[in-house]
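**Student:** Input upload_16.tsv, format and content: TSV, C-alpha atoms and all ligand atoms.
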chain	number	residue	atom	x	y	z
R	1	MET	CA	3.11	-10.71	80.33
R	2	LYS	CA	4.06	-7.69	82.42
R	3	ILE	CA	4.22	-4.33	80.65
R	4	GLY	CA	6.03	-1.57	82.54
R	5	ARG	CA	6.19	1.22	79.97
R	6	VAL	CA	4.11	2.38	77.05
R	7	VAL	CA	6.29	4.25	74.56
R	8	ALA	CA	5.24	6.57	71.73
R	9	LEU	CA	8.13	6.75	69.25
R	10	PHE	CA	7.67	9.04	66.29
R	11	PHE	CA	9.22	10.93	63.39
R	12	SER	CA	6.66	13.60	62.63
R	13	PRO	CA	7.59	16.87	60.89
R	14	THR	CA	4.01	18.17	60.53
R	15	LEU	CA	2.67	16.43	63.66
R	16	THR	CA	-0.04	14.16	62.18
R	17	THR	CA	1.95	11.01	62.97
R	18	LYS	CA	2.63	12.21	66.50
R	19	LYS	CA	-1.10	12.70	67.14
R	20	TYR	CA	-1.99	9.17	66.01
R	21	VAL	CA	0.88	7.52	67.87
R	22	LEU	CA	-0.02	9.32	71.10
R	23	SER	CA	-3.70	8.38	70.79
R	24	ILE	CA	-2.83	4.70	70.31
R	25	ALA	CA	-0.28	4.69	73.14
R	26	GLU	CA	-2.80	6.36	75.47
R	27	GLY	CA	-5.37	3.67	74.61
R	28	ILE	CA	-2.90	0.93	75.53
R	29	ARG	CA	-1.99	2.67	78.78
R	30	GLU	CA	-5.64	3.02	79.70
R	31	ALA	CA	-6.46	-0.63	78.98
R	32	LEU	CA	-3.46	-1.82	80.99
R	33	LYS	CA	-4.16	0.70	83.79
R	34	ILE	CA	-0.52	1.81	83.82
R	35	GLU	CA	-0.12	4.84	86.06
R	36	SER	CA	3.03	6.36	84.62
R	37	ALA	CA	2.60	8.61	81.61
R	38	VAL	CA	3.29	7.45	78.06
R	39	LEU	CA	7.01	7.92	77.34
R	40	GLU	CA	7.36	10.15	74.27
R	41	VAL	CA	10.42	9.49	72.13
R	42	ASP	CA	10.55	12.11	69.40
R	43	VAL	CA	13.19	11.38	66.74
R	44	THR	CA	12.14	14.09	64.29
R	45	THR	CA	15.14	16.43	64.42
R	46	PRO	CA	18.90	15.78	64.30
R	47	VAL	CA	19.28	16.83	67.97
R	48	LYS	CA	16.65	14.28	69.00
R	49	ARG	CA	18.47	11.60	67.00
R	50	ASN	CA	21.77	12.12	68.85
R	51	ALA	CA	21.05	9.07	70.99
R	52	VAL	CA	19.70	5.80	69.57
R	53	PRO	CA	16.63	4.58	71.53
R	54	GLN	CA	16.84	1.17	73.17
R	55	PHE	CA	13.98	-0.77	74.69
R	56	VAL	CA	13.45	-3.79	76.95
R	57	ASP	CA	11.04	-6.73	76.95
R	58	THR	CA	8.63	-5.09	79.40
R	59	ASP	CA	8.02	-2.16	77.01
R	60	ILE	CA	5.39	-1.77	74.34
R	61	VAL	CA	6.46	0.66	71.63
R	62	VAL	CA	4.04	2.34	69.22
R	63	TRP	CA	6.33	3.53	66.43
R	64	GLY	CA	4.99	5.91	63.81
R	65	VAL	CA	6.42	7.36	60.63
R	66	PRO	CA	4.86	9.27	57.72
R	67	VAL	CA	4.76	7.59	54.33
R	68	TYR	CA	7.17	9.25	51.89
R	69	ILE	CA	6.90	8.17	48.22
R	70	GLY	CA	5.25	4.93	49.33
R	71	ARG	CA	8.02	4.04	51.78
R	72	VAL	CA	9.48	4.68	55.23
R	73	PRO	CA	11.31	8.07	54.90
R	74	ASN	CA	14.43	6.77	53.17
R	75	LEU	CA	16.98	9.28	54.45
R	76	ILE	CA	15.99	8.59	58.07
R	77	ALA	CA	15.76	4.80	57.61
R	78	PRO	CA	19.46	4.18	58.46
R	79	PHE	CA	18.80	5.73	61.88
R	80	PHE	CA	15.59	3.73	62.35
R	81	LYS	CA	17.51	0.52	61.65
R	82	GLN	CA	19.79	1.18	64.65
R	83	ILE	CA	16.90	1.30	67.16
R	84	LYS	CA	17.03	-1.71	69.47
R	85	GLY	CA	13.78	-3.41	70.42
R	86	GLY	CA	15.25	-5.70	73.09
R	87	GLY	CA	12.21	-7.99	72.90
R	88	ALA	CA	9.66	-5.18	73.42
R	89	LEU	CA	6.21	-5.55	71.91
R	90	GLY	CA	5.99	-3.38	68.79
R	91	VAL	CA	3.21	-1.60	66.93
R	92	PRO	CA	4.24	-0.14	63.55
R	93	VAL	CA	2.11	2.79	62.43
R	94	VAL	CA	2.32	4.59	59.10
R	95	VAL	CA	0.50	7.83	58.35
R	96	TYR	CA	-0.16	8.82	54.74
R	97	GLY	CA	-1.73	11.73	52.89
R	98	ASN	CA	-4.80	9.99	51.42
R	99	ARG	CA	-3.02	8.70	48.31
R	100	ALA	CA	-1.63	5.29	49.38
R	101	TYR	CA	0.79	3.75	51.86
R	102	ASP	CA	2.16	1.25	49.31
R	103	ASP	CA	5.09	-0.63	50.90
R	104	ALA	CA	5.63	1.62	53.93
R	105	LEU	CA	3.87	-0.51	56.55
R	106	ILE	CA	5.51	-3.77	55.51
R	107	GLU	CA	8.87	-1.97	55.47
R	108	LEU	CA	8.39	-0.54	58.97
R	109	ARG	CA	7.21	-3.94	60.21
R	110	ASP	CA	10.40	-5.51	58.85
R	111	ILE	CA	12.63	-2.80	60.37
R	112	MET	CA	10.99	-3.47	63.75
R	113	VAL	CA	11.28	-7.26	63.51
R	114	ASP	CA	14.94	-6.99	62.42
R	115	GLY	CA	15.55	-4.55	65.30
R	116	GLY	CA	14.34	-7.04	67.90
R	117	PHE	CA	10.70	-6.05	68.43
R	118	LYS	CA	7.86	-8.56	68.72
R	119	VAL	CA	5.40	-7.00	66.32
R	120	VAL	CA	1.84	-7.68	67.48
R	121	ALA	CA	-0.34	-5.14	65.69
R	122	GLY	CA	-0.01	-2.30	63.21
R	123	GLY	CA	-1.96	0.30	61.33
R	124	ALA	CA	-2.10	2.65	58.37
R	125	PHE	CA	-3.77	5.97	59.16
R	126	VAL	CA	-4.66	9.03	57.10
R	127	GLY	CA	-3.14	12.44	57.84
R	128	GLU	CA	-3.21	15.79	56.08
R	129	HIS	CA	-0.72	15.64	53.22
R	130	SER	CA	2.53	17.48	53.94
R	131	PHE	CA	2.24	19.31	50.59
R	132	SER	CA	-1.37	20.42	50.99
R	133	TYR	CA	-4.10	21.75	53.30
R	134	THR	CA	-6.93	20.01	51.41
R	135	LEU	CA	-5.60	16.52	50.61
R	136	GLY	CA	-6.43	14.59	53.76
R	137	GLY	CA	-7.29	18.08	55.05
R	138	GLY	CA	-7.63	18.38	58.83
R	139	ARG	CA	-6.87	14.74	59.52
R	140	PRO	CA	-6.50	13.25	61.99
R	141	ASN	CA	-9.94	14.53	63.03
R	142	MET	CA	-11.79	13.61	66.24
R	143	ASP	CA	-13.05	10.31	64.75
R	144	ASP	CA	-9.55	9.34	63.65
R	145	LEU	CA	-8.12	9.97	67.11
R	146	GLN	CA	-10.97	8.02	68.67
R	147	GLN	CA	-10.13	5.12	66.33
R	148	GLY	CA	-6.50	5.42	67.38
R	149	GLY	CA	-7.50	5.27	71.04
R	150	ASN	CA	-9.78	2.28	70.47
R	151	PHE	CA	-7.05	0.50	68.54
R	152	GLY	CA	-4.73	1.02	71.53
R	153	MET	CA	-7.42	-0.27	73.91
R	154	GLN	CA	-7.84	-3.40	71.78
R	155	ILE	CA	-4.09	-4.03	71.84
R	156	GLY	CA	-4.11	-3.59	75.63
R	157	GLU	CA	-6.97	-6.07	75.96
R	158	GLU	CA	-5.11	-8.60	73.81
R	159	ILE	CA	-2.10	-8.26	76.11
R	160	LEU	CA	-4.31	-8.85	79.16
R	161	SER	CA	-5.91	-11.89	77.49
R	162	GLY	CA	-2.46	-13.51	77.22
R	163	ARG	CA	-2.69	-13.87	73.45
R	164	TYR	CA	0.77	-12.37	72.99
R	165	ASN	CA	2.46	-14.63	75.56
R	166	ASN	CA	3.64	-17.02	72.89
R	167	LEU	CA	4.30	-15.37	69.54
R	168	GLU	CA	6.49	-18.20	68.20
R	169	GLY	CA	6.00	-18.49	64.42
R	170	LYS	CA	3.45	-15.66	64.30
R	171	GLU	CA	3.96	-12.80	61.85
R	172	LEU	CA	1.88	-9.64	61.50
R	173	LYS	CA	0.41	-9.75	58.00
R	174	VAL	CA	0.10	-6.34	56.34
R	175	PRO	CA	-0.46	-5.16	52.77
R	176	GLY	CA	2.55	-4.25	50.61
R	177	ASN	CA	5.28	-5.89	48.57
R	178	PRO	CA	8.03	-7.62	50.52
R	179	TYR	CA	11.67	-6.51	50.15
R	180	PRO	CA	12.83	-4.99	47.79
R	181	TYR	CA	10.19	-2.35	48.53
R	182	ALA	CA	9.20	0.03	45.73
R	183	PHE	CA	9.06	3.82	45.66
R	184	TYR	CA	5.95	5.45	44.22
R	185	ASN	CA	6.65	6.71	40.71
R	186	ALA	CA	4.78	10.02	40.49
R	187	LYS	CA	4.01	11.20	36.97
R	188	SER	CA	3.55	14.67	35.47
R	189	LYS	CA	0.66	15.65	33.16
R	190	GLN	CA	2.93	14.66	30.26
R	191	ASN	CA	3.32	11.23	31.90
R	192	LYS	CA	6.98	11.87	32.79
R	193	SER	CA	8.46	10.88	36.16
R	194	ILE	CA	8.45	13.79	38.60
R	195	ASP	CA	11.77	14.55	40.28
R	196	ILE	CA	11.65	17.19	43.05
R	197	ARG	CA	14.71	16.01	44.98
R	198	LYS	CA	16.60	19.29	44.51
R	199	VAL	CA	13.64	21.56	45.34
R	200	LYS	CA	13.92	23.79	48.45
R	201	PRO	CA	11.49	26.18	50.15
R	202	GLU	CA	11.56	29.92	49.56
R	203	THR	CA	11.32	32.53	52.33
R	204	ASN	CA	9.43	35.81	52.09
R	205	MET	CA	11.82	38.13	53.92
R	206	ASP	CA	9.16	40.87	54.08
R	207	ILE	CA	7.33	38.80	56.71
R	208	CYS	CA	10.03	36.54	58.19
R	209	ASN	CA	11.26	37.90	61.53
R	210	SER	CA	14.29	35.58	61.71
R	211	CYS	CA	12.91	33.78	64.76
R	212	GLY	CA	14.81	30.60	63.81
R	213	ILE	CA	11.89	28.23	64.49
R	214	CYS	CA	12.06	26.69	61.00
R	215	ALA	CA	15.76	25.89	61.45
R	216	MET	CA	15.03	24.28	64.81
R	217	LEU	CA	12.18	22.16	63.39
R	218	CYS	CA	13.88	20.99	60.19
R	219	PRO	CA	14.40	17.20	60.41
R	220	MET	CA	17.45	17.47	58.15
R	221	GLY	CA	19.07	20.45	59.87
R	222	ALA	CA	19.02	21.92	56.38
R	223	ILE	CA	18.19	25.55	57.25
R	224	ASN	CA	20.86	28.05	58.27
R	225	VAL	CA	19.73	29.30	61.70
R	226	ALA	CA	21.64	32.56	61.32
R	227	SER	CA	19.96	33.28	57.98
R	228	CYS	CA	16.77	31.27	57.58
R	229	ALA	CA	16.21	31.98	53.89
R	230	ASP	CA	19.38	30.04	53.26
R	231	VAL	CA	18.81	26.27	52.96
R	232	PRO	CA	22.22	24.74	52.30
R	233	GLY	CA	21.34	21.19	53.42
R	234	ILE	CA	19.22	18.43	51.92
R	235	CYS	CA	15.49	19.22	51.91
R	236	ILE	CA	13.10	16.25	52.07
R	237	LYS	CA	10.00	18.42	51.42
R	238	CYS	CA	8.59	17.37	54.82
R	239	GLY	CA	6.58	20.61	55.12
R	240	ALA	CA	7.63	21.40	58.71
R	241	CYS	CA	9.08	24.82	57.90
R	242	VAL	CA	6.18	25.72	55.59
R	243	LYS	CA	3.31	24.61	57.83
R	244	ARG	CA	4.83	25.51	61.20
R	245	CYS	CA	6.38	28.92	60.47
R	246	PRO	CA	4.37	31.23	62.78
R	247	ARG	CA	4.36	33.94	60.08
R	248	ASN	CA	3.64	31.77	57.01
R	249	ALA	CA	6.83	33.10	55.50
R	250	LYS	CA	7.93	29.86	53.86
R	251	SER	CA	6.52	28.17	50.76
R	252	PHE	CA	7.43	26.01	47.80
R	253	THR	CA	7.29	27.93	44.54
R	254	ASP	CA	9.03	25.45	42.26
R	255	PRO	CA	6.74	24.72	39.25
R	256	THR	CA	7.37	20.95	39.28
R	257	TYR	CA	6.55	20.76	42.99
R	258	LEU	CA	3.37	22.81	42.44
R	259	GLU	CA	2.31	20.63	39.51
R	260	HIS	CA	2.87	17.47	41.58
R	261	LYS	CA	0.85	18.92	44.46
R	262	GLN	CA	-1.99	19.87	42.11
R	263	ILE	CA	-2.09	16.40	40.49
R	264	LEU	CA	-2.19	14.79	43.94
R	265	GLU	CA	-5.01	17.07	45.10
R	266	THR	CA	-7.01	16.44	41.91
R	267	ASN	CA	-6.58	12.67	41.88
R	268	PHE	CA	-6.56	11.68	45.55
R	269	THR	CA	-8.63	14.09	47.66
R	270	GLU	CA	-11.77	11.98	47.15
R	271	PRO	CA	-12.71	9.52	48.45
R	272	ALA	CA	-11.39	10.04	51.97
R	273	LYS	CA	-9.57	6.83	52.88
R	274	GLU	CA	-10.33	4.74	55.96
R	275	ASN	CA	-7.77	3.90	58.60
R	276	GLU	CA	-6.72	0.23	58.55
R	277	LEU	CA	-5.78	-1.91	61.56
R	278	PHE	CA	-3.96	-5.24	61.68
R	279	PHE	CA	-3.40	-7.81	64.45
R	280	VAL	CA	-1.27	-10.99	64.59
A	1	LIG	C1	8.28	13.65	50.53
A	1	LIG	C2	6.89	13.21	50.87
A	1	LIG	C3	6.35	12.11	50.23
A	1	LIG	C4	5.06	11.67	50.56
A	1	LIG	N1	4.58	10.56	49.96
A	1	LIG	C5	3.32	10.14	50.23
A	1	LIG	C6	2.80	8.97	49.61
A	1	LIG	O1	3.49	8.25	48.89
A	1	LIG	N2	1.49	8.65	49.84
A	1	LIG	C7	0.69	9.43	50.63
A	1	LIG	O2	-0.49	9.13	50.72
A	1	LIG	N3	1.19	10.49	51.32
A	1	LIG	C8	2.49	10.86	51.12
A	1	LIG	N4	3.01	11.94	51.80
A	1	LIG	C9	2.19	12.62	52.81
A	1	LIG	C10	2.53	12.22	54.24
A	1	LIG	O3	2.66	10.83	54.36
A	1	LIG	C11	1.43	12.69	55.20
A	1	LIG	O4	1.15	14.03	54.99
A	1	LIG	C12	1.72	12.48	56.66
A	1	LIG	O5	0.53	12.71	57.37
A	1	LIG	C13	2.80	13.43	57.18
A	1	LIG	O6	3.14	13.06	58.50
A	1	LIG	P1	3.66	14.11	59.61
A	1	LIG	O7	2.52	15.07	59.83
A	1	LIG	O8	3.89	13.28	60.81
A	1	LIG	O9	4.86	14.80	59.07
A	1	LIG	C14	4.29	12.38	51.51
A	1	LIG	C15	4.85	13.48	52.17
A	1	LIG	C16	6.14	13.89	51.85
A	1	LIG	C17	6.73	15.03	52.59
A	2	LIG	S1	10.01	30.20	61.22
A	2	LIG	FE1	9.24	31.62	59.66
A	2	LIG	S2	9.50	33.65	60.59
A	2	LIG	FE2	10.78	32.22	61.78
A	2	LIG	S3	12.81	32.35	60.75
A	2	LIG	FE3	11.69	30.66	59.80
A	2	LIG	S4	10.74	31.57	57.99
A	2	LIG	FE4	11.32	33.25	59.34
A	3	LIG	S1	13.81	22.76	54.62
A	3	LIG	FE1	12.85	20.95	53.72
A	3	LIG	S2	13.39	19.31	55.14
A	3	LIG	FE2	13.73	21.21	56.24
A	3	LIG	S3	11.81	21.64	57.31
A	3	LIG	FE3	11.67	22.66	55.34
A	3	LIG	S4	10.63	21.21	54.00
A	3	LIG	FE4	11.39	20.04	55.77
As structure tokens, please, write out the structure in this file.
**Tutor:**
Amino acid sequence: MKIGRVVALFFSPTLTTKKYVLSIAEGIREALKIESAVLEVDVTTPVKRNAVPQFVDTDIVVWGVPVYIGRVPNLIAPFFKQIKGGGALGVPVVVYGNRAYDDALIELRDIMVDGGFKVVAGGAFVGEHSFSYTLGGGRPNMDDLQQGGNFGMQIGEEILSGRYNNLEGKELKVPGNPYPYAFYNAKSKQNKSIDIRKVKPETNMDICNSCGICAMLCPMGAINVASCADVPGICIKCGACVKRCPRNAKSFTDPTYLEHKQILETNFTEPAKENELFFV
């Protein structure tokens, strides 16, 4: 099997997924001694999703998404389903905030298989939670990225060994419920379902300098670039504007959001979860 390109494909509003995907892709490139750099395909913002990526059977594509409510981010999934694998080898990667990845990895695996990828390995990795600085705090750390690199090296070695030359009838087995996948049902302290779909971030205009970075980073194009406190579009609570505003001017102040965040931090910060790797 001849591999010409190693691709890192990612949707990554707060950059944890991007870091893992790049570490894995670099590991593969190193094992295969491919000289050209890893091809980065960032599909995080609407501008980057203008064109639908297409691959060929000499590519290997490491494709990472964050886990949202136990699933592949559902509002971006229609775009993901258009991506064409063209017989490329595929490595689904989900990154989650130390609670659980539920059905996200099996869902991404299925999207890749349906899109024409030959899925040979996959992983679930822990990243700092988009809502928090302490839940999964600081991850991926150096050890995590080393594990990502080693995982990539192992995949590269499997390619060299010829084990992926005939994948007829082989399916990557991963944890999770098969279709129809389930969303995580988060509960309040009163044991009621938490619904934060309508919640949007607030902007402290005393410190915002109207630089427009948050509008540029928003994966939903939800923020008005001419007036960044104005969020007319759909907000998926991805945390990009909050965590990446250079002035820390954005935050979520909604009481239901804050209660949900606090419950998550209380219940899921310990123990720190281990990254999990899967091979066909
Ligand atoms: C709307 C939303 C839902 C999330 N749901 C989960 C979840 O079900 N389980 C979990 O462990 N982490 C969950 N997370 C946390 C992210 O999966 C995690 O922080 C991930 O590292 C973010 O990736 P990114 O840095 O590439 O944006 C959620 C984050 C968001 C924004
Ligand atoms: S990134 Fe921060 S400082 Fe820049 S416009 Fe947005 S909220 Fe204001
Ligand atoms: S407005 Fe919502 S969707 Fe857009 S960057 Fe901020 S948190 Fe993410």
**Student:** Ligand LIG 3 (chain A): which residues are within 10 Å, counting all atoms listed in the file? Reply as number ranges by chain.
**Tutor:** R: 13-14, 45, 130-131, 199-202, 213-224, 228-245, 250-252
**Student:** Check the smallest atom-to-atom distance from each of R:Tyr133, R:Phe183, R:Phe117, R:Tyr257 to R:Val67 using all atoms listed in the file, then report the winner.
**Tutor:**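 Using all atoms listed in the file, R:Val67 sits closest to R:Phe183.
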**Student:** Considering only C-alpha atoms, state which residue in the set R:Arg109, R:Arg99, R:Arg49, R:Arg29 is at the smallest distance from R:Gly122.
**Tutor:** R:Arg109
**Student:** Please identify every residue of chain R that has at least one atom no farther than 8 Å from an atom of ligand LIG 1 (chain A), counting all atoms listed in the file, and for each give the shortest atom pair and the distance in Å to one decimal, arranged by chain then increasing number, as JSON lines.
**Tutor:**
{"residue": "R:Phe10", "atom": "CA", "partner": "A:LIG1", "partner_atom": "O8", "distance": 7.9}
{"residue": "R:Phe11", "atom": "CA", "partner": "A:LIG1", "partner_atom": "O8", "distance": 6.4}
{"residue": "R:Ser12", "atom": "CA", "partner": "A:LIG1", "partner_atom": "O8", "distance": 3.3}
{"residue": "R:Pro13", "atom": "CA", "partner": "A:LIG1", "partner_atom": "O9", "distance": 3.9}
{"residue": "R:Thr14", "atom": "CA", "partner": "A:LIG1", "partner_atom": "O7", "distance": 3.5}
{"residue": "R:Leu15", "atom": "CA", "partner": "A:LIG1", "partner_atom": "O7", "distance": 4.1}
{"residue": "R:Thr16", "atom": "CA", "partner": "A:LIG1", "partner_atom": "O7", "distance": 3.6}
{"residue": "R:Thr17", "atom": "CA", "partner": "A:LIG1", "partner_atom": "O8", "distance": 3.7}
{"residue": "R:Lys18", "atom": "CA", "partner": "A:LIG1", "partner_atom": "O8", "distance": 5.9}
{"residue": "R:Val65", "atom": "CA", "partner": "A:LIG1", "partner_atom": "O8", "distance": 6.4}
{"residue": "R:Pro66", "atom": "CA", "partner": "A:LIG1", "partner_atom": "O6", "distance": 4.2}
{"residue": "R:Val67", "atom": "CA", "partner": "A:LIG1", "partner_atom": "O3", "distance": 3.9}
{"residue": "R:Tyr68", "atom": "CA", "partner": "A:LIG1", "partner_atom": "C3", "distance": 3.4}
{"residue": "R:Ile69", "atom": "CA", "partner": "A:LIG1", "partner_atom": "O1", "distance": 3.5}
{"residue": "R:Gly70", "atom": "CA", "partner": "A:LIG1", "partner_atom": "O1", "distance": 3.8}
{"residue": "R:Arg71", "atom": "CA", "partner": "A:LIG1", "partner_atom": "O1", "distance": 6.8}
{"residue": "R:Pro73", "atom": "CA", "partner": "A:LIG1", "partner_atom": "C1", "distance": 7.7}
{"residue": "R:Val94", "atom": "CA", "partner": "A:LIG1", "partner_atom": "O3", "distance": 7.8}
{"residue": "R:Val95", "atom": "CA", "partner": "A:LIG1", "partner_atom": "O5", "distance": 5.0}
{"residue": "R:Tyr96", "atom": "CA", "partner": "A:LIG1", "partner_atom": "O3", "distance": 3.5}
{"residue": "R:Gly97", "atom": "CA", "partner": "A:LIG1", "partner_atom": "N3", "distance": 3.5}
{"residue": "R:Asn98", "atom": "CA", "partner": "A:LIG1", "partner_atom": "O2", "distance": 4.5}
{"residue": "R:Arg99", "atom": "CA", "partner": "A:LIG1", "partner_atom": "O2", "distance": 3.5}
{"residue": "R:Ala100", "atom": "CA", "partner": "A:LIG1", "partner_atom": "O2", "distance": 4.2}
{"residue": "R:Tyr101", "atom": "CA", "partner": "A:LIG1", "partner_atom": "N2", "distance": 5.3}
{"residue": "R:Asp102", "atom": "CA", "partner": "A:LIG1", "partner_atom": "O1", "distance": 7.1}
{"residue": "R:Val126", "atom": "CA", "partner": "A:LIG1", "partner_atom": "O5", "distance": 6.4}
{"residue": "R:Gly127", "atom": "CA", "partner": "A:LIG1", "partner_atom": "O5", "distance": 3.7}
{"residue": "R:Glu128", "atom": "CA", "partner": "A:LIG1", "partner_atom": "O4", "distance": 4.8}
{"residue": "R:His129", "atom": "CA", "partner": "A:LIG1", "partner_atom": "O4", "distance": 3.0}
{"residue": "R:Ser130", "atom": "CA", "partner": "A:LIG1", "partner_atom": "O4", "distance": 3.9}
{"residue": "R:Phe131", "atom": "CA", "partner": "A:LIG1", "partner_atom": "C17", "distance": 6.5}
{"residue": "R:Ser132", "atom": "CA", "partner": "A:LIG1", "partner_atom": "O4", "distance": 7.9}
{"residue": "R:Gly136", "atom": "CA", "partner": "A:LIG1", "partner_atom": "O4", "distance": 7.7}
{"residue": "R:Arg139", "atom": "CA", "partner": "A:LIG1", "partner_atom": "O5", "distance": 8.0}
{"residue": "R:Phe183", "atom": "CA", "partner": "A:LIG1", "partner_atom": "O1", "distance": 7.8}
{"residue": "R:Tyr184", "atom": "CA", "partner": "A:LIG1", "partner_atom": "O1", "distance": 6.0}
{"residue": "R:Ile236", "atom": "CA", "partner": "A:LIG1", "partner_atom": "C1", "distance": 5.7}
{"residue": "R:Lys237", "atom": "CA", "partner": "A:LIG1", "partner_atom": "C17", "distance": 4.9}
{"residue": "R:Cys238", "atom": "CA", "partner": "A:LIG1", "partner_atom": "C17", "distance": 3.7}
{"residue": "R:Gly239", "atom": "CA", "partner": "A:LIG1", "partner_atom": "C17", "distance": 6.1}
{"residue": "R:Ala240", "atom": "CA", "partner": "A:LIG1", "partner_atom": "O9", "distance": 7.2}
**Student:** Suppose you want the space between atom CA of R:Thr203 and atom S4 of ligand LIG 2 (chain A); what is it in Å?
**Tutor:** 5.8 Å
**Student:** For atom CA of R:Ile60 and atom CA of R:Ala88, quote the distance in Å rounded to one decimal.
**Tutor:**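 Going from atom CA of R:Ile60 over to atom CA of R:Ala88, I get 5.5 Å.
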**Student:** Please complete stretch 244-256 of chain R with N, CA and C atoms and give it back as a tab-separated table (two decimals), in the coordinates of the input.
**Tutor:**
chain	number	residue	atom	x	y	z
R	244	ARG	N	4.69	25.15	59.79
R	244	ARG	CA	4.83	25.51	61.20
R	244	ARG	C	5.52	26.87	61.40
R	245	CYS	N	5.84	27.55	60.32
R	245	CYS	CA	6.38	28.92	60.47
R	245	CYS	C	5.26	29.79	61.03
R	246	PRO	N	5.46	30.44	62.17
R	246	PRO	CA	4.37	31.23	62.78
R	246	PRO	C	3.91	32.39	61.90
R	247	ARG	N	4.73	32.79	60.93
R	247	ARG	CA	4.36	33.94	60.08
R	247	ARG	C	4.00	33.54	58.65
R	248	ASN	N	3.92	32.23	58.39
R	248	ASN	CA	3.64	31.77	57.01
R	248	ASN	C	4.61	32.36	55.99
R	249	ALA	N	5.85	32.45	56.38
R	249	ALA	CA	6.83	33.10	55.50
R	249	ALA	C	7.45	32.12	54.51
R	250	LYS	N	7.27	30.82	54.74
R	250	LYS	CA	7.93	29.86	53.86
R	250	LYS	C	6.92	29.18	52.94
R	251	SER	N	7.38	28.87	51.72
R	251	SER	CA	6.52	28.17	50.76
R	251	SER	C	7.39	27.52	49.70
R	252	PHE	N	6.77	26.59	48.97
R	252	PHE	CA	7.43	26.01	47.80
R	252	PHE	C	6.86	26.71	46.57
R	253	THR	N	7.75	27.22	45.75
R	253	THR	CA	7.29	27.93	44.54
R	253	THR	C	7.75	27.22	43.27
R	254	ASP	N	8.52	26.17	43.42
R	254	ASP	CA	9.03	25.45	42.26
R	254	ASP	C	7.87	24.90	41.40
R	255	PRO	N	7.86	25.15	40.10
R	255	PRO	CA	6.74	24.72	39.25
R	255	PRO	C	6.50	23.21	39.24
R	256	THR	N	7.56	22.41	39.29
R	256	THR	CA	7.37	20.95	39.28
R	256	THR	C	6.73	20.50	40.58
